[in-house]
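Structure first, then comments.
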Amino acid sequence: MPSEPYEVDIEALVRPDIVEMESHLPGDSLEVASKRLGFEPEEIIKLDANENPFGCSVRVQELLASFDAYHRYPDTLMTGLRSRLEAYTGIRRERILLTNGVSELVDLVMRVLLKPGDEVIICPPTVQFYRFYANLAGAQVVEVPRSSSTFEVQIEQILAAVSERTKLVVIGSPNNPTGNLISPIEVVKLLKAGVVVLVDESFYEFAGNSVANLVTEFENLVVARSFSHWAGLAGMRVAYGLFSQEILKHVWKLRAVYKLDAAQQLAVEAVLDDPRYYETVIGWIKNERGRLFRQLRKLNFLQPYPSNANFVLCKVVRGDAFRIKKRLERQGIFVRYLHLPGLPDYLRISVGRAEDTDALMRCLFAMAEEL
């Protein structure tokens with residue numbers, strides 16, 4: 001006879017703050033979504049995740065395919081790769097750390113700086129993982145919302161919110177999902193408040209505007225960047241941070257030994273070996289961003305906002321954003337539906353290829369006649 005299962009009150013063993021935390025489950029993968037909707041994966045127009053629609057360069061694919069030492073552990077310090085990034089960024093390799101995505105970099109910085117009771121300032125609407133990792137560290141999140149009309153950072157309000165418990169201010173530039181930049185002058189004002197400022201420049205290559213040069217001047221600045229969006233490596237999750245050496249020496253203590261695998265390191269090297277391809281692709285995406293914005297402005301039910309990233313945020317001024325998203329989905333076109341504080345009924349549309357924009361606009365113009 002089978003014995004009765006041994007029961008343990010697991011929730012009594014889990015941290016209380018984790019028990020209370022909401023789950024963050026990802027949406028369907030491309031393969032799952034295509035089966036659900038009855039499309040082949042290649043028929044889906046995916047404009048919901050800010051991916052590079054042209055993919056990585058052939059050089060990346062060839063190097064990954066020809067490498068014959070996957071059975072060996074990779075370089076844990078990534079000295080050569082950090083030297084390559086030194087040439088790319090102009091920041092010395094001693095100030096550079098590579099991570100599995102910007103989310104891991106934010107997690108590491110917060111775990112180094114924060115203890116329960118400390119405060120982190122964020123500026124919504126912005127990405128949710130800033131709050132998630134602050135809560136995971138036991139810190140209190142203080143929100144200083146962006147302006148309601150243009151989503152600009154409100155520097156004076158941030159400075160007024162800084163208290164003796166404030167350890168960190170996190171700003172996206174360009175900000176996801178609004179596409180705004182923060183100026184170096186504004187960042188300097190925050191740095192002079194004496195807190196650590198983390199500027200997330202995940203979409204830097206589409207903007208060309210950076211505060212990275214301030215890292216050597218201010219010890220309390222961290223700049224995060226990603227290879228996911230511009231370099232076509234979203235599936236590999238590679239990011240890096242530019243630090244003061246005083247902060248970085250503590251971040252190194254928390255970083256796992258083998259964090260980036262050999263394939264990730266090879267892919268980044270190949271990206272940096274192929275600047276002409278990526279300059280061309282980024283140029284295409286920026287040009288298409290402008291065309292997409294101009295086309296969206298022709299619709300009487302969407303209000304697009306200017307963007308410095310590879311997406312365009314749209315306010316739905318007539319109709320329902322979720323219903324518009326689902327109608328597009330039934331046509332095989334995926335966009336991001338946003339229902340957040342400060343963004344009650346919005347869509348974020350990633351920049352795709354010209355033919356993707358054309359297909360999207362055909363569907364939206366058809367909807368305009370019915371809304």
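Just so we're on the same page: first chain in the structure tokens is A, next is B, and so on; residues restart at 1 for each chain, and ligands are numbered from 1 in the order they show up.
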If we count only C-alpha atoms and set the cut-off at 9 Å, which residues sit around Ala354 in chain A, ignoring sequence neighbours fewer than 6 positions away in its own chain? Please answer as a PyMOL selection string. chain A and resi 288+291-292
Generate the output file for the selected residues, N, CA and C atoms, as a short mmCIF file (atom, residue, chain, number, x, y, z; two decimals), in the first residue's frame.
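See result20.cif below for the written result:
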data_model
loop_
_atom_site.label_atom_id
_atom_site.label_comp_id
_atom_site.auth_asym_id
_atom_site.auth_seq_id
_atom_site.Cartn_x
_atom_site.Cartn_y
_atom_site.Cartn_z
N GLU A 288 13.37 53.54 -39.86
CA GLU A 288 12.04 52.93 -39.80
C GLU A 288 11.26 53.44 -38.59
N ARG A 291 9.64 56.56 -39.73
CA ARG A 291 8.50 56.28 -40.63
C ARG A 291 7.32 55.73 -39.85
N LEU A 292 7.58 54.82 -38.91
CA LEU A 292 6.51 54.26 -38.09
C LEU A 292 5.80 55.36 -37.31
#
Show me, as a short mmCIF file (atom, residue, chain, number, x, y, z; two decimals) with all heavy atoms, in the first residue's frame, the residues that have an atom within 8 Å of range 235-248 of chain A when counting only C-alpha atoms, minus same-chain residues fewer than 5 positions from it.
data_model
loop_
_atom_site.label_atom_id
_atom_site.label_comp_id
_atom_site.auth_asym_id
_atom_site.auth_seq_id
_atom_site.Cartn_x
_atom_site.Cartn_y
_atom_site.Cartn_z
N ILE A 91 35.88 53.45 -21.79
CA ILE A 91 36.01 53.30 -20.34
C ILE A 91 36.95 52.13 -20.06
O ILE A 91 36.81 51.06 -20.65
CB ILE A 91 34.64 53.05 -19.67
CG1 ILE A 91 33.66 54.18 -20.01
CG2 ILE A 91 34.79 52.90 -18.17
CD1 ILE A 91 34.06 55.55 -19.54
N GLU A 94 38.99 47.94 -16.20
CA GLU A 94 38.89 47.74 -14.76
C GLU A 94 37.55 48.25 -14.21
O GLU A 94 37.18 47.92 -13.08
CB GLU A 94 40.03 48.47 -14.04
CG GLU A 94 41.40 47.86 -14.27
CD GLU A 94 42.05 48.31 -15.57
OE1 GLU A 94 41.45 49.16 -16.27
OE2 GLU A 94 43.14 47.82 -15.88
N ARG A 95 36.83 49.00 -15.01
CA ARG A 95 35.55 49.55 -14.59
C ARG A 95 34.37 48.84 -15.25
O ARG A 95 33.23 49.30 -15.15
CB ARG A 95 35.48 51.04 -14.94
CG ARG A 95 36.49 51.91 -14.21
CD ARG A 95 36.44 53.34 -14.74
NE ARG A 95 37.32 54.23 -14.01
CZ ARG A 95 36.96 54.94 -12.94
NH1 ARG A 95 35.73 54.84 -12.49
NH2 ARG A 95 37.81 55.74 -12.33
N ILE A 96 34.63 47.73 -15.95
CA ILE A 96 33.60 47.05 -16.75
C ILE A 96 33.29 45.67 -16.17
O ILE A 96 34.20 44.91 -15.83
CB ILE A 96 34.04 46.92 -18.22
CG1 ILE A 96 34.24 48.31 -18.83
CG2 ILE A 96 33.01 46.13 -19.02
CD1 ILE A 96 34.82 48.28 -20.24
N LEU A 97 32.01 45.34 -16.08
CA LEU A 97 31.57 44.02 -15.65
C LEU A 97 30.49 43.54 -16.61
O LEU A 97 29.55 44.27 -16.92
CB LEU A 97 30.99 44.08 -14.23
CG LEU A 97 30.43 42.76 -13.69
CD1 LEU A 97 31.57 41.81 -13.34
CD2 LEU A 97 29.54 43.00 -12.48
N LEU A 98 30.61 42.30 -17.10
CA LEU A 98 29.59 41.69 -17.96
C LEU A 98 28.66 40.83 -17.13
O LEU A 98 29.09 40.15 -16.19
CB LEU A 98 30.23 40.86 -19.06
CG LEU A 98 30.88 41.69 -20.17
CD1 LEU A 98 32.39 41.58 -20.12
CD2 LEU A 98 30.36 41.28 -21.54
N THR A 99 27.36 40.86 -17.48
CA THR A 99 26.36 40.11 -16.73
C THR A 99 25.36 39.46 -17.69
O THR A 99 25.32 39.75 -18.87
CB THR A 99 25.58 41.05 -15.78
OG1 THR A 99 24.92 42.06 -16.55
CG2 THR A 99 26.50 41.69 -14.76
N ASN A 100 24.54 38.58 -17.12
CA ASN A 100 23.43 37.97 -17.87
C ASN A 100 22.25 38.94 -17.88
O ASN A 100 21.31 38.83 -17.08
CB ASN A 100 23.01 36.65 -17.22
CG ASN A 100 23.85 35.49 -17.69
OD1 ASN A 100 23.83 35.14 -18.86
ND2 ASN A 100 24.60 34.91 -16.77
N GLY A 101 22.29 39.89 -18.77
CA GLY A 101 21.22 40.85 -18.90
C GLY A 101 21.34 41.99 -17.91
O GLY A 101 22.01 41.89 -16.87
N VAL A 102 20.68 43.10 -18.23
CA VAL A 102 20.69 44.26 -17.35
C VAL A 102 19.98 43.95 -16.04
O VAL A 102 20.33 44.49 -14.98
CB VAL A 102 20.02 45.46 -18.06
CG1 VAL A 102 19.75 46.60 -17.09
CG2 VAL A 102 20.92 45.97 -19.18
N LEU A 105 22.47 42.78 -13.60
CA LEU A 105 23.33 43.88 -13.16
C LEU A 105 22.62 44.73 -12.11
O LEU A 105 23.20 45.09 -11.08
CB LEU A 105 23.72 44.74 -14.36
CG LEU A 105 24.82 45.77 -14.13
CD1 LEU A 105 25.64 45.96 -15.39
CD2 LEU A 105 24.23 47.12 -13.70
N ALA A 212 28.05 57.96 -19.98
CA ALA A 212 29.14 57.04 -19.60
C ALA A 212 30.42 57.77 -19.23
O ALA A 212 31.17 57.32 -18.35
CB ALA A 212 29.40 56.04 -20.72
N VAL A 215 31.37 58.44 -15.55
CA VAL A 215 31.77 57.37 -14.64
C VAL A 215 33.15 57.63 -14.04
O VAL A 215 33.41 57.30 -12.88
CB VAL A 215 31.73 56.00 -15.35
CG1 VAL A 215 32.42 54.92 -14.53
CG2 VAL A 215 30.28 55.59 -15.62
N THR A 216 34.05 58.20 -14.84
CA THR A 216 35.40 58.46 -14.35
C THR A 216 35.47 59.70 -13.47
O THR A 216 36.47 59.92 -12.79
CB THR A 216 36.37 58.63 -15.53
OG1 THR A 216 35.91 59.71 -16.37
CG2 THR A 216 36.44 57.37 -16.36
N PHE A 218 32.61 60.70 -11.36
CA PHE A 218 31.77 60.52 -10.18
C PHE A 218 31.81 59.06 -9.75
O PHE A 218 31.45 58.17 -10.51
CB PHE A 218 30.33 60.94 -10.48
CG PHE A 218 30.14 62.41 -10.69
CD1 PHE A 218 30.24 62.95 -11.97
CD2 PHE A 218 29.87 63.26 -9.63
CE1 PHE A 218 30.07 64.30 -12.18
CE2 PHE A 218 29.71 64.62 -9.82
CZ PHE A 218 29.81 65.15 -11.10
N GLU A 219 32.20 58.81 -8.50
CA GLU A 219 32.30 57.45 -8.00
C GLU A 219 30.94 56.82 -7.72
O GLU A 219 30.85 55.61 -7.51
CB GLU A 219 33.14 57.41 -6.72
CG GLU A 219 34.62 57.74 -6.95
CD GLU A 219 35.45 57.47 -5.71
OE1 GLU A 219 34.85 57.37 -4.61
OE2 GLU A 219 36.68 57.35 -5.84
N ASN A 220 29.90 57.63 -7.70
CA ASN A 220 28.57 57.13 -7.36
C ASN A 220 27.68 56.93 -8.58
O ASN A 220 26.45 56.90 -8.47
CB ASN A 220 27.88 58.04 -6.35
CG ASN A 220 27.85 59.50 -6.78
OD1 ASN A 220 28.75 59.98 -7.47
ND2 ASN A 220 26.82 60.24 -6.36
N LEU A 221 28.29 56.77 -9.77
CA LEU A 221 27.52 56.53 -10.99
C LEU A 221 27.76 55.12 -11.51
O LEU A 221 28.89 54.64 -11.55
CB LEU A 221 27.90 57.54 -12.08
CG LEU A 221 27.26 57.33 -13.46
CD1 LEU A 221 25.74 57.47 -13.40
CD2 LEU A 221 27.85 58.31 -14.48
N VAL A 222 26.67 54.45 -11.93
CA VAL A 222 26.73 53.17 -12.62
C VAL A 222 25.94 53.32 -13.92
O VAL A 222 24.81 53.86 -13.90
CB VAL A 222 26.13 52.02 -11.79
CG1 VAL A 222 26.16 50.71 -12.57
CG2 VAL A 222 26.85 51.88 -10.45
N VAL A 223 26.49 52.86 -15.03
CA VAL A 223 25.80 52.88 -16.31
C VAL A 223 25.64 51.45 -16.80
O VAL A 223 26.62 50.69 -16.85
CB VAL A 223 26.57 53.72 -17.36
CG1 VAL A 223 25.89 53.63 -18.73
CG2 VAL A 223 26.66 55.18 -16.91
N ALA A 224 24.41 51.07 -17.12
CA ALA A 224 24.12 49.71 -17.61
C ALA A 224 23.80 49.75 -19.10
O ALA A 224 23.10 50.65 -19.57
CB ALA A 224 22.93 49.13 -16.84
N ARG A 225 24.31 48.76 -19.82
CA ARG A 225 24.03 48.65 -21.25
C ARG A 225 23.77 47.19 -21.62
O ARG A 225 24.15 46.28 -20.88
CB ARG A 225 25.19 49.19 -22.09
CG ARG A 225 25.33 50.71 -22.01
CD ARG A 225 26.37 51.20 -22.97
NE ARG A 225 26.56 52.64 -22.92
CZ ARG A 225 27.55 53.27 -23.55
NH1 ARG A 225 28.43 52.58 -24.26
NH2 ARG A 225 27.65 54.57 -23.46
N SER A 226 23.14 47.00 -22.78
CA SER A 226 22.70 45.67 -23.18
C SER A 226 23.08 45.39 -24.63
O SER A 226 23.14 46.30 -25.46
CB SER A 226 21.18 45.57 -23.03
OG SER A 226 20.69 44.36 -23.57
N PHE A 227 23.29 44.10 -24.93
CA PHE A 227 23.47 43.64 -26.31
C PHE A 227 22.18 43.04 -26.87
O PHE A 227 22.16 42.57 -28.00
CB PHE A 227 24.58 42.58 -26.38
CG PHE A 227 25.97 43.15 -26.32
CD1 PHE A 227 26.60 43.34 -25.11
CD2 PHE A 227 26.65 43.53 -27.47
CE1 PHE A 227 27.88 43.87 -25.03
CE2 PHE A 227 27.92 44.06 -27.42
CZ PHE A 227 28.54 44.24 -26.20
N SER A 228 21.11 43.05 -26.08
CA SER A 228 19.87 42.38 -26.51
C SER A 228 19.21 43.08 -27.68
O SER A 228 18.79 42.43 -28.64
CB SER A 228 18.89 42.31 -25.33
OG SER A 228 19.36 41.46 -24.33
N LEU A 260 29.01 34.23 -17.54
CA LEU A 260 28.78 34.23 -18.98
C LEU A 260 29.45 33.01 -19.58
O LEU A 260 30.65 32.77 -19.35
CB LEU A 260 29.34 35.50 -19.62
CG LEU A 260 28.30 36.57 -20.00
CD1 LEU A 260 27.63 37.10 -18.75
CD2 LEU A 260 28.95 37.70 -20.76
N GLN A 264 28.16 32.98 -25.13
CA GLN A 264 27.86 34.39 -24.91
C GLN A 264 29.08 35.26 -25.18
O GLN A 264 28.99 36.31 -25.84
CB GLN A 264 27.37 34.61 -23.48
CG GLN A 264 25.98 34.05 -23.20
CD GLN A 264 25.65 34.11 -21.73
OE1 GLN A 264 26.35 33.53 -20.89
NE2 GLN A 264 24.58 34.81 -21.39
N VAL A 268 29.55 38.15 -28.29
CA VAL A 268 29.87 39.56 -28.08
C VAL A 268 31.13 39.94 -28.86
O VAL A 268 31.20 41.00 -29.48
CB VAL A 268 30.04 39.86 -26.58
CG1 VAL A 268 30.58 41.28 -26.37
CG2 VAL A 268 28.71 39.69 -25.86
#
For each of A:Ile122, A:Met361, A:Leu168, A:Val351, take the minimum atom-to-atom distance to Arg146 in chain A, counting only C-alpha atoms, then give the residue where this is smallest.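 Looking at the shortest contact to Arg146 in chain A, the residue is A:Ile122.
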For a quick check of understanding, using only C-alpha atoms, which of A:Gly179, A:Gly90, A:Pro16, A:Pro174 has the smallest distance to Gly138 in chain A?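 Comparing A:Gly179, A:Gly90, A:Pro16, A:Pro174 against Gly138 in chain A, the winner is A:Pro16.
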